[in-house]
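Structure below is start-v1.cif: mmCIF, C-alpha atoms and all ligand atoms.
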```cif
data_entry
#
loop_
_atom_site.label_atom_id
_atom_site.label_comp_id
_atom_site.auth_asym_id
_atom_site.auth_seq_id
_atom_site.Cartn_x
_atom_site.Cartn_y
_atom_site.Cartn_z
CA MET N 1 0.00 0.00 0.00
CA LYS N 2 1.04 3.55 -0.75
CA LEU N 3 1.94 5.54 2.38
CA SER N 4 1.64 9.03 1.03
CA SER N 5 1.21 10.84 -2.19
CA GLY N 6 2.54 13.93 -3.92
CA LEU N 7 0.20 16.71 -2.86
CA LEU N 8 -1.54 15.33 0.19
CA ASP N 9 -0.50 13.41 3.25
CA ILE N 10 -2.36 10.08 3.07
CA LYS N 11 -1.93 7.68 6.00
CA PRO N 12 -3.56 4.25 5.97
CA ILE N 13 -5.03 3.46 9.41
CA SER N 14 -5.04 -0.32 9.02
CA GLY N 15 -3.71 -2.97 6.68
CA ALA N 16 -6.90 -3.52 4.71
CA VAL N 17 -9.13 -0.45 4.74
CA GLY N 18 -9.23 3.24 5.61
CA ALA N 19 -6.81 6.15 5.29
CA GLU N 20 -6.64 9.58 6.90
CA ILE N 21 -5.98 12.45 4.54
CA HIS N 22 -4.24 15.54 5.88
CA GLY N 23 -3.25 18.79 4.24
CA VAL N 24 -6.55 19.76 2.68
CA ASP N 25 -9.31 22.14 3.76
CA LEU N 26 -12.55 20.80 2.32
CA LYS N 27 -14.32 24.14 2.45
CA ASP N 28 -11.92 25.49 -0.17
CA ASN N 29 -12.47 24.96 -3.83
CA ILE N 30 -10.06 22.00 -4.00
CA PRO N 31 -7.92 22.15 -7.16
CA GLU N 32 -8.59 19.36 -9.66
CA GLU N 33 -5.17 17.77 -9.13
CA GLN N 34 -5.75 17.41 -5.35
CA PHE N 35 -9.29 16.25 -5.88
CA SER N 36 -8.12 13.49 -8.18
CA GLU N 37 -5.65 12.33 -5.49
CA ILE N 38 -8.52 12.21 -2.99
CA LYS N 39 -10.51 10.19 -5.53
CA SER N 40 -7.66 7.71 -5.95
CA ALA N 41 -7.36 7.34 -2.17
CA PHE N 42 -11.10 6.71 -1.96
CA GLY N 43 -10.74 3.94 -4.54
CA GLU N 44 -7.67 2.44 -2.94
CA TYR N 45 -8.66 2.52 0.74
CA GLY N 46 -12.47 2.18 0.60
CA VAL N 47 -12.99 4.82 3.27
CA ILE N 48 -11.18 8.13 3.69
CA PHE N 49 -11.10 10.33 6.77
CA PHE N 50 -10.44 14.03 7.31
CA ARG N 51 -9.85 15.85 10.60
CA ASP N 52 -10.52 19.34 11.98
CA GLN N 53 -12.78 20.47 9.17
CA LYS N 54 -15.15 23.38 9.77
CA LEU N 55 -17.86 23.27 7.14
CA THR N 56 -21.22 25.03 7.02
CA PRO N 57 -24.11 22.89 5.74
CA GLU N 58 -23.77 24.68 2.37
CA GLN N 59 -20.08 23.73 2.22
CA GLU N 60 -20.89 20.12 3.19
CA ILE N 61 -23.31 20.03 0.25
CA THR N 62 -20.83 21.67 -2.14
CA PHE N 63 -18.13 19.12 -1.25
CA ALA N 64 -20.61 16.24 -1.66
CA ARG N 65 -21.84 17.46 -5.07
CA ARG N 66 -18.32 17.21 -6.41
CA TRP N 67 -18.71 13.41 -6.17
CA GLY N 68 -22.08 13.11 -7.84
CA GLU N 69 -25.76 13.70 -7.34
CA ILE N 70 -27.05 13.70 -3.78
CA ASN N 71 -29.54 11.05 -2.74
CA ILE N 72 -32.27 12.61 -0.58
CA ASN N 73 -32.71 10.04 2.17
CA ARG N 74 -36.25 8.74 2.50
CA PHE N 75 -36.06 7.63 6.10
CA PHE N 76 -33.80 9.89 8.16
CA THR N 77 -34.87 13.20 9.68
CA LYS N 78 -33.27 16.02 7.72
CA VAL N 79 -31.36 19.03 8.89
CA ASP N 80 -33.71 22.07 8.87
CA ASP N 81 -33.63 23.84 5.49
CA TYR N 82 -31.18 21.27 4.04
CA PRO N 83 -33.07 18.24 2.69
CA GLU N 84 -29.78 16.96 1.22
CA ILE N 85 -28.42 16.38 4.75
CA ALA N 86 -29.74 13.50 6.86
CA MET N 87 -29.29 13.67 10.62
CA VAL N 88 -27.65 10.70 12.28
CA LEU N 89 -28.57 11.51 15.86
CA LYS N 90 -28.68 9.84 19.24
CA GLU N 91 -29.86 11.92 22.21
CA PRO N 92 -28.81 11.23 25.82
CA ASN N 93 -32.25 9.73 26.60
CA GLN N 94 -32.21 7.35 23.60
CA LYS N 95 -30.91 3.81 23.69
CA LYS N 96 -30.84 2.82 20.05
CA ASN N 97 -28.36 4.32 17.62
CA ILE N 98 -28.60 4.50 13.85
CA GLY N 99 -26.41 2.10 11.92
CA GLY N 100 -25.55 -0.06 14.94
CA ASN N 101 -25.04 -3.25 12.94
CA TRP N 102 -22.89 -4.28 9.99
CA HIS N 103 -24.36 -2.97 6.76
CA THR N 104 -23.72 -1.13 3.55
CA ASP N 105 -26.07 1.78 2.87
CA HIS N 106 -28.80 1.49 0.27
CA SER N 107 -28.14 -2.05 -0.94
CA TYR N 108 -31.97 -2.26 -1.06
CA ASP N 109 -31.99 0.16 -4.00
CA THR N 110 -31.74 -1.13 -7.56
CA GLU N 111 -28.98 1.45 -8.09
CA PRO N 112 -27.26 1.47 -4.69
CA ALA N 113 -25.56 4.61 -3.39
CA LEU N 114 -21.94 5.17 -4.34
CA GLY N 115 -21.02 6.23 -0.83
CA SER N 116 -21.89 8.29 2.21
CA ILE N 117 -20.13 11.26 3.77
CA LEU N 118 -20.49 11.62 7.53
CA PHE N 119 -19.62 14.94 9.21
CA ALA N 120 -19.18 14.87 13.02
CA HIS N 121 -20.89 17.77 14.80
CA GLU N 122 -21.25 16.55 18.41
CA VAL N 123 -19.56 13.43 19.70
CA PRO N 124 -19.50 11.73 23.11
CA LYS N 125 -16.49 12.20 25.41
CA SER N 126 -15.46 8.65 24.56
CA GLY N 127 -17.02 5.89 22.49
CA GLY N 128 -19.25 6.27 19.43
CA ASP N 129 -16.54 5.03 17.05
CA THR N 130 -17.38 3.55 13.66
CA VAL N 131 -15.86 0.31 12.40
CA PHE N 132 -15.39 -0.38 8.68
CA ALA N 133 -14.71 -3.67 6.88
CA SER N 134 -13.19 -4.20 3.43
CA MET N 135 -15.33 -6.25 1.06
CA TYR N 136 -12.35 -6.46 -1.30
CA SER N 137 -10.41 -8.33 1.39
CA ALA N 138 -13.46 -10.42 2.23
CA TYR N 139 -13.78 -11.58 -1.38
CA GLU N 140 -10.08 -11.94 -2.18
CA THR N 141 -9.42 -14.25 0.79
CA LEU N 142 -12.14 -16.78 -0.03
CA SER N 143 -11.11 -20.10 -1.53
CA ASP N 144 -11.20 -20.42 -5.33
CA GLY N 145 -14.00 -22.96 -4.90
CA LEU N 146 -16.27 -20.64 -2.93
CA LYS N 147 -15.38 -17.67 -5.14
CA GLY N 148 -16.47 -19.74 -8.15
CA THR N 149 -19.78 -20.70 -6.53
CA LEU N 150 -20.60 -17.14 -5.46
CA GLU N 151 -19.70 -15.60 -8.83
CA GLY N 152 -22.78 -17.13 -10.43
CA MET N 153 -25.16 -16.09 -7.65
CA SER N 154 -27.36 -13.08 -6.88
CA ALA N 155 -28.92 -11.99 -3.60
CA ARG N 156 -32.14 -10.28 -2.57
CA HIS N 157 -31.90 -7.09 -0.48
CA SER N 158 -34.70 -5.14 1.23
CA SER N 159 -35.38 -2.07 3.35
CA ARG N 160 -38.70 -3.38 4.70
CA HIS N 161 -37.43 -5.19 7.79
CA VAL N 162 -35.25 -2.22 8.77
CA PHE N 163 -37.30 0.89 7.97
CA GLY N 164 -40.77 -0.54 7.22
CA PRO N 165 -43.94 -0.45 9.37
CA SER N 166 -43.26 -3.67 11.31
CA ARG N 167 -39.94 -2.31 12.57
CA ALA N 168 -41.18 1.27 13.09
CA GLU N 169 -44.03 0.04 15.32
CA LYS N 170 -41.68 -1.98 17.48
CA GLU N 171 -39.19 0.77 18.15
CA ASP N 172 -40.52 3.87 19.91
CA ASP N 173 -36.94 4.89 20.50
CA THR N 174 -36.43 5.79 16.84
CA VAL N 175 -39.56 7.97 16.60
CA GLY N 176 -38.55 11.39 15.28
CA ARG N 177 -35.31 10.02 13.85
CA ILE N 178 -36.53 7.40 11.37
CA LYS N 179 -39.61 8.31 9.31
CA ASN N 180 -41.72 7.33 6.30
CA ALA N 181 -42.12 3.65 7.09
CA GLU N 182 -44.45 3.44 4.09
CA ALA N 183 -41.54 4.36 1.81
CA ALA N 184 -39.76 1.13 2.76
CA ASN N 185 -40.92 -0.62 -0.36
CA GLN N 186 -37.61 -1.13 -2.11
CA ASP N 187 -36.33 -4.60 -2.80
CA ALA N 188 -33.46 -5.24 -5.15
CA VAL N 189 -31.42 -8.12 -6.52
CA HIS N 190 -27.64 -7.73 -6.96
CA PRO N 191 -24.79 -10.09 -7.82
CA VAL N 192 -23.17 -11.59 -4.71
CA VAL N 193 -19.77 -10.68 -6.14
CA ILE N 194 -19.61 -7.32 -7.89
CA THR N 195 -16.93 -5.73 -10.01
CA HIS N 196 -16.39 -2.28 -8.61
CA PRO N 197 -17.44 0.23 -11.30
CA GLU N 198 -14.38 2.46 -10.80
CA THR N 199 -11.55 0.29 -9.46
CA GLY N 200 -12.43 -2.86 -11.42
CA ARG N 201 -11.73 -4.94 -8.27
CA LYS N 202 -14.10 -7.69 -7.19
CA ALA N 203 -15.92 -7.27 -3.88
CA LEU N 204 -18.35 -9.30 -1.81
CA TYR N 205 -21.76 -7.63 -2.01
CA VAL N 206 -24.08 -9.10 0.64
CA ASN N 207 -24.50 -7.55 4.09
CA PRO N 208 -26.14 -8.43 7.42
CA GLY N 209 -28.29 -5.28 7.46
CA PHE N 210 -30.26 -5.60 4.26
CA THR N 211 -29.62 -8.95 2.53
CA LEU N 212 -32.51 -11.39 2.88
CA GLY N 213 -31.20 -14.39 0.97
CA PHE N 214 -29.86 -15.70 -2.31
CA GLU N 215 -31.96 -15.45 -5.43
CA GLY N 216 -33.71 -18.80 -6.01
CA TRP N 217 -32.97 -19.97 -2.43
CA THR N 218 -35.26 -19.57 0.61
CA ASP N 219 -34.14 -17.30 3.42
CA ALA N 220 -33.63 -20.35 5.64
CA GLU N 221 -31.47 -22.09 3.01
CA SER N 222 -29.45 -18.91 2.54
CA GLN N 223 -28.78 -18.26 6.21
CA PRO N 224 -25.91 -20.71 6.88
CA LEU N 225 -23.84 -19.54 3.90
CA LEU N 226 -24.61 -15.87 4.63
CA GLU N 227 -23.58 -16.38 8.27
CA TYR N 228 -20.31 -17.94 7.10
CA LEU N 229 -19.64 -14.99 4.78
CA TYR N 230 -20.53 -12.45 7.48
CA ALA N 231 -18.17 -14.04 10.01
CA HIS N 232 -15.43 -14.20 7.38
CA ALA N 233 -15.94 -10.60 6.20
CA THR N 234 -15.62 -9.16 9.70
CA ARG N 235 -12.31 -10.79 10.56
CA PRO N 236 -10.39 -8.12 12.50
CA GLU N 237 -7.65 -7.92 9.88
CA PHE N 238 -10.20 -6.75 7.29
CA THR N 239 -11.41 -3.87 9.46
CA CYS N 240 -10.43 -0.46 10.79
CA ARG N 241 -11.90 1.63 13.58
CA PHE N 242 -12.33 5.41 13.47
CA ASP N 243 -12.57 7.61 16.57
CA TRP N 244 -14.54 10.76 15.92
CA LYS N 245 -13.81 14.29 17.07
CA PRO N 246 -15.93 17.32 16.18
CA GLY N 247 -14.87 18.28 12.66
CA SER N 248 -13.96 14.72 11.64
CA ILE N 249 -15.32 13.46 8.33
CA ALA N 250 -15.56 9.93 6.94
CA PHE N 251 -16.44 9.17 3.34
CA TRP N 252 -17.00 5.49 2.66
CA ASP N 253 -17.52 3.55 -0.53
CA ASN N 254 -20.68 1.49 -0.19
CA ARG N 255 -19.57 -0.85 -3.00
CA ALA N 256 -16.33 -1.79 -1.24
CA THR N 257 -17.01 -1.57 2.50
CA TRP N 258 -19.42 -2.25 5.32
CA HIS N 259 -19.68 -0.10 8.43
CA PHE N 260 -20.96 -0.46 12.02
CA ALA N 261 -21.66 2.46 14.40
CA ILE N 262 -20.73 1.35 17.92
CA ASN N 263 -23.44 2.10 20.48
CA ASP N 264 -21.38 2.48 23.67
CA TYR N 265 -22.14 6.04 24.83
CA HIS N 266 -25.57 5.92 26.51
CA GLY N 267 -26.47 9.18 28.25
CA GLU N 268 -24.48 11.32 25.80
CA LYS N 269 -25.38 13.01 22.55
CA ARG N 270 -23.89 12.17 19.15
CA LEU N 271 -24.92 14.25 16.13
CA MET N 272 -23.63 13.64 12.64
CA HIS N 273 -24.68 15.00 9.26
CA ARG N 274 -24.82 12.41 6.49
CA ILE N 275 -24.89 13.07 2.77
CA THR N 276 -25.29 10.11 0.45
CA ILE N 277 -24.11 10.14 -3.14
CA GLU N 278 -26.11 8.39 -5.84
CA GLY N 279 -24.58 5.31 -7.44
CA SER N 280 -25.35 3.05 -10.36
CA LYS N 281 -26.50 -0.49 -11.13
CA LEU N 282 -24.00 -3.09 -9.99
CA HIS N 283 -22.62 -5.92 -12.10
C1 LIG L 1 -24.59 5.08 9.30
O1 LIG L 1 -24.70 3.87 9.35
O2 LIG L 1 -24.86 5.70 8.30
C2 LIG L 1 -24.11 5.83 10.52
C3 LIG L 1 -22.71 5.52 10.87
C4 LIG L 1 -22.28 6.25 12.10
O3 LIG L 1 -23.07 6.99 12.69
O4 LIG L 1 -21.12 6.10 12.49
#
```

Can you give me the file's structure in the form of structure tokens?
Ligand code: SIN
Amino acid sequence: MKLSSGLLDIKPISGAVGAEIHGVDLKDNIPEEQFSEIKSAFGEYGVIFFRDQKLTPEQEITFARRWGEININRFFTKVDDYPEIAMVLKEPNQKKNIGGNWHTDHSYDTEPALGSILFAHEVPKSGGDTVFASMYSAYETLSDGLKGTLEGMSARHSSRHVFGPSRAEKEDDTVGRIKNAEAANQDAVHPVVITHPETGRKALYVNPGFTLGFEGWTDAESQPLLEYLYAHATRPEFTCRFDWKPGSIAFWDNRATWHFAINDYHGEKRLMHRITIEGSKLH
């Protein structure tokens, strides 16, 4: 892995996934040459992190638009006057956090999101880290036999069990944070192994949050193999862990990584702004 690059200081934070990028102020109009280095780091490391950034909501949106069209989230409460920005919030009196399981955002869409940018506004004194896992590493370390089997398979993904009415009714704690249960009507089928549209690398594309089962298999038949893949994909050596400070930013590639927001800060507030970038059909 590359340790640093010409214009920016790029430091991988683990062996498989994630790099911190220093030496850039994201509220500036980043010159094309620097932006293309950031793009390469995003492709290479799967998730990139920035520190000590002070962005207004307008500047968050301007930075996000440089990557593509913004997906207006159907389920999350939005920041007042900025529908492009979803709030990822946990108040001191709330027990459940958002994203507290392994998942990749929007795999329930037929054209899943390219990635999500998370801006830290208020973070607990300690805890509230996010863990990321590389789906390149997960795929590349499977046996040739299992790779061959998975290559021909597709999987069904859904938002219903996460954001739909059955879940919304059960969880008072998310009222005000997760909305529009009736909009949870997206199901999608994607290949189990995708070729990343920009890097050309193969990645495992099932996830514990939204995958229901393999196409043509029942959910029960799918479960043992999915469980095997989930345990494999979250081996510690495929992961990195990011500790947030106010002004930290993470931008993850939903086609190449999973993430998990750790819920270990009860009684404290954590407020993040999330902007999700539209993606394309996966092959
Ligand atoms: C998410 O899953 O989008 C939220 C991640 C986090 O809050 O760390």

Where's the centre, and what are the edge lengths in Å to one decimal, of a box along x, y and z enclosing all listed atoms of ligand LIG 1 (chain L) padded 6 Å per side, as AutoDock Vina command-line options?
```
--center_x -23.0 --center_y 5.4 --center_z 10.5 --size_x 15.7 --size_y 15.1 --size_z 16.4
```

Protein and nucleic residues near ligand LIG 1 (chain L), 6 Å, only C-alpha atoms and all ligand atoms, as a PyMOL selection string: chain N and resi 88+98-99+130+261

- Message: Counting all atoms listed in the file, which residues sit no farther than 7 Å from the position (-14.7, -2.2, 5.0) in the file's frame? I'd like them as a list in words.
- Response: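 Result, sorted by chain then residue number: Val17, Gly46, Phe132, Ala133, Ser134, Met135, Phe238, Thr239, Ala256, Thr257, Trp258 and His259 of chain N.
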
Discussion item. Counting only C-alpha atoms, which residue out of N:Leu282, N:Leu89, N:Arg201, N:Val192 sits closest to Gly148 in chain N?
Written reply: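 That would be N:Val192, the residue with the smallest distance to Gly148 in chain N.
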
CA of His196 in chain N to CA of Gly216 in chain N: how many Å, to one decimal?
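These atoms are spaced 24.1 Å apart.
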
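One finds CA of Gly15 in chain N at 22.5 Å from CA of Gly127 in chain N.
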
Would you pick out the contacts of Ile275 in chain N at 8 Å or less, using all atoms listed in the file, so that residues sharing its chain but fewer than 5 positions from it are not included, and give the list as a PyMOL selection string? chain N and resi 61+64+70-71+84-86+116-118

| task | Could you pull out every residue with an atom within 6 Å of (-22.5, -9.6, 9.8), file coordinates, counting all atoms listed in the file, and send them as JSON, numbers by chain? | result | {"N": [102, 208, 230]}

Item checked: Between CA of Ser126 in chain N and CA of Ile178 in chain N - distance in Å to one decimal ->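 That distance, rounded to one decimal, is 24.9 Å.
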
Contacts of range 35-41 of chain N at 8 Å (all atoms listed in the file; same-chain gap of 5+ positions) as a ChimeraX atom specification = /N:5,7-8,10,19,21,30,46,48

Generate a file for range 252-263 of chain N, containing all heavy atoms, as a short mmCIF file (atom, residue, chain, number, x, y, z; two decimals), in the first residue's frame.
```
data_model
loop_
_atom_site.label_atom_id
_atom_site.label_comp_id
_atom_site.auth_asym_id
_atom_site.auth_seq_id
_atom_site.Cartn_x
_atom_site.Cartn_y
_atom_site.Cartn_z
N TRP N 252 -17.21 6.91 2.97
CA TRP N 252 -17.00 5.49 2.66
C TRP N 252 -17.65 5.10 1.34
O TRP N 252 -18.63 5.69 0.92
CB TRP N 252 -17.51 4.60 3.79
CG TRP N 252 -18.96 4.73 4.16
CD1 TRP N 252 -20.02 4.12 3.56
CD2 TRP N 252 -19.50 5.50 5.24
NE1 TRP N 252 -21.18 4.47 4.19
CE2 TRP N 252 -20.89 5.30 5.22
CE3 TRP N 252 -18.94 6.33 6.23
CZ2 TRP N 252 -21.74 5.91 6.15
CZ3 TRP N 252 -19.78 6.93 7.14
CH2 TRP N 252 -21.16 6.72 7.10
N ASP N 253 -17.05 4.09 0.74
CA ASP N 253 -17.52 3.55 -0.53
C ASP N 253 -18.44 2.37 -0.22
O ASP N 253 -17.98 1.34 0.30
CB ASP N 253 -16.27 3.10 -1.34
CG ASP N 253 -16.62 2.65 -2.74
OD1 ASP N 253 -17.77 2.21 -2.96
OD2 ASP N 253 -15.72 2.72 -3.61
N ASN N 254 -19.71 2.54 -0.52
CA ASN N 254 -20.68 1.49 -0.19
C ASN N 254 -20.50 0.22 -1.02
O ASN N 254 -21.02 -0.82 -0.66
CB ASN N 254 -22.10 2.01 -0.42
CG ASN N 254 -22.57 2.89 0.71
OD1 ASN N 254 -22.39 2.57 1.88
ND2 ASN N 254 -23.17 4.02 0.36
N ARG N 255 -19.78 0.33 -2.14
CA ARG N 255 -19.57 -0.85 -3.00
C ARG N 255 -18.39 -1.68 -2.52
O ARG N 255 -18.18 -2.80 -2.97
CB ARG N 255 -19.34 -0.43 -4.46
CG ARG N 255 -20.53 0.20 -5.16
CD ARG N 255 -20.62 1.69 -5.02
NE ARG N 255 -19.39 2.44 -5.06
CZ ARG N 255 -18.98 3.14 -6.13
NH1 ARG N 255 -19.67 3.15 -7.24
NH2 ARG N 255 -17.86 3.86 -6.07
N ALA N 256 -17.58 -1.12 -1.64
CA ALA N 256 -16.33 -1.79 -1.24
C ALA N 256 -16.21 -2.03 0.26
O ALA N 256 -15.26 -2.68 0.69
CB ALA N 256 -15.14 -0.96 -1.71
N THR N 257 -17.13 -1.47 1.03
CA THR N 257 -17.01 -1.57 2.50
C THR N 257 -18.36 -1.80 3.16
O THR N 257 -19.42 -1.50 2.58
CB THR N 257 -16.42 -0.28 3.12
OG1 THR N 257 -17.30 0.82 2.82
CG2 THR N 257 -15.04 0.04 2.59
N TRP N 258 -18.28 -2.30 4.40
CA TRP N 258 -19.42 -2.25 5.32
C TRP N 258 -19.02 -1.30 6.44
O TRP N 258 -17.82 -1.07 6.66
CB TRP N 258 -19.66 -3.58 6.00
CG TRP N 258 -20.11 -4.74 5.20
CD1 TRP N 258 -20.54 -4.78 3.91
CD2 TRP N 258 -20.16 -6.08 5.70
NE1 TRP N 258 -20.87 -6.07 3.57
CE2 TRP N 258 -20.65 -6.89 4.66
CE3 TRP N 258 -19.87 -6.68 6.93
CZ2 TRP N 258 -20.84 -8.26 4.81
CZ3 TRP N 258 -20.05 -8.04 7.08
CH2 TRP N 258 -20.54 -8.82 6.03
N HIS N 259 -20.00 -0.87 7.23
CA HIS N 259 -19.68 -0.10 8.43
C HIS N 259 -20.64 -0.46 9.57
O HIS N 259 -21.71 -1.04 9.34
CB HIS N 259 -19.66 1.40 8.15
CG HIS N 259 -20.93 1.93 7.57
ND1 HIS N 259 -21.27 1.78 6.24
CD2 HIS N 259 -21.95 2.61 8.13
CE1 HIS N 259 -22.44 2.34 6.02
NE2 HIS N 259 -22.89 2.85 7.16
N PHE N 260 -20.24 -0.09 10.80
CA PHE N 260 -20.96 -0.46 12.02
C PHE N 260 -20.71 0.66 13.03
O PHE N 260 -19.56 0.91 13.41
CB PHE N 260 -20.37 -1.79 12.53
CG PHE N 260 -21.07 -2.44 13.70
CD1 PHE N 260 -21.35 -3.80 13.66
CD2 PHE N 260 -21.40 -1.74 14.84
CE1 PHE N 260 -21.98 -4.44 14.72
CE2 PHE N 260 -22.03 -2.36 15.91
CZ PHE N 260 -22.31 -3.71 15.85
N ALA N 261 -21.79 1.36 13.42
CA ALA N 261 -21.66 2.46 14.40
C ALA N 261 -21.79 1.87 15.80
O ALA N 261 -22.83 1.31 16.15
CB ALA N 261 -22.75 3.50 14.15
N ILE N 262 -20.74 2.00 16.59
CA ILE N 262 -20.73 1.35 17.92
C ILE N 262 -21.57 2.16 18.92
O ILE N 262 -21.40 3.37 19.05
CB ILE N 262 -19.28 1.17 18.41
CG1 ILE N 262 -18.51 0.29 17.42
CG2 ILE N 262 -19.25 0.56 19.81
CD1 ILE N 262 -17.05 0.10 17.76
N ASN N 263 -22.46 1.44 19.60
CA ASN N 263 -23.44 2.10 20.48
C ASN N 263 -23.00 1.95 21.95
O ASN N 263 -23.60 1.21 22.72
CB ASN N 263 -24.81 1.45 20.25
CG ASN N 263 -25.92 2.22 20.92
OD1 ASN N 263 -25.73 3.33 21.41
ND2 ASN N 263 -27.10 1.62 20.95
#
```
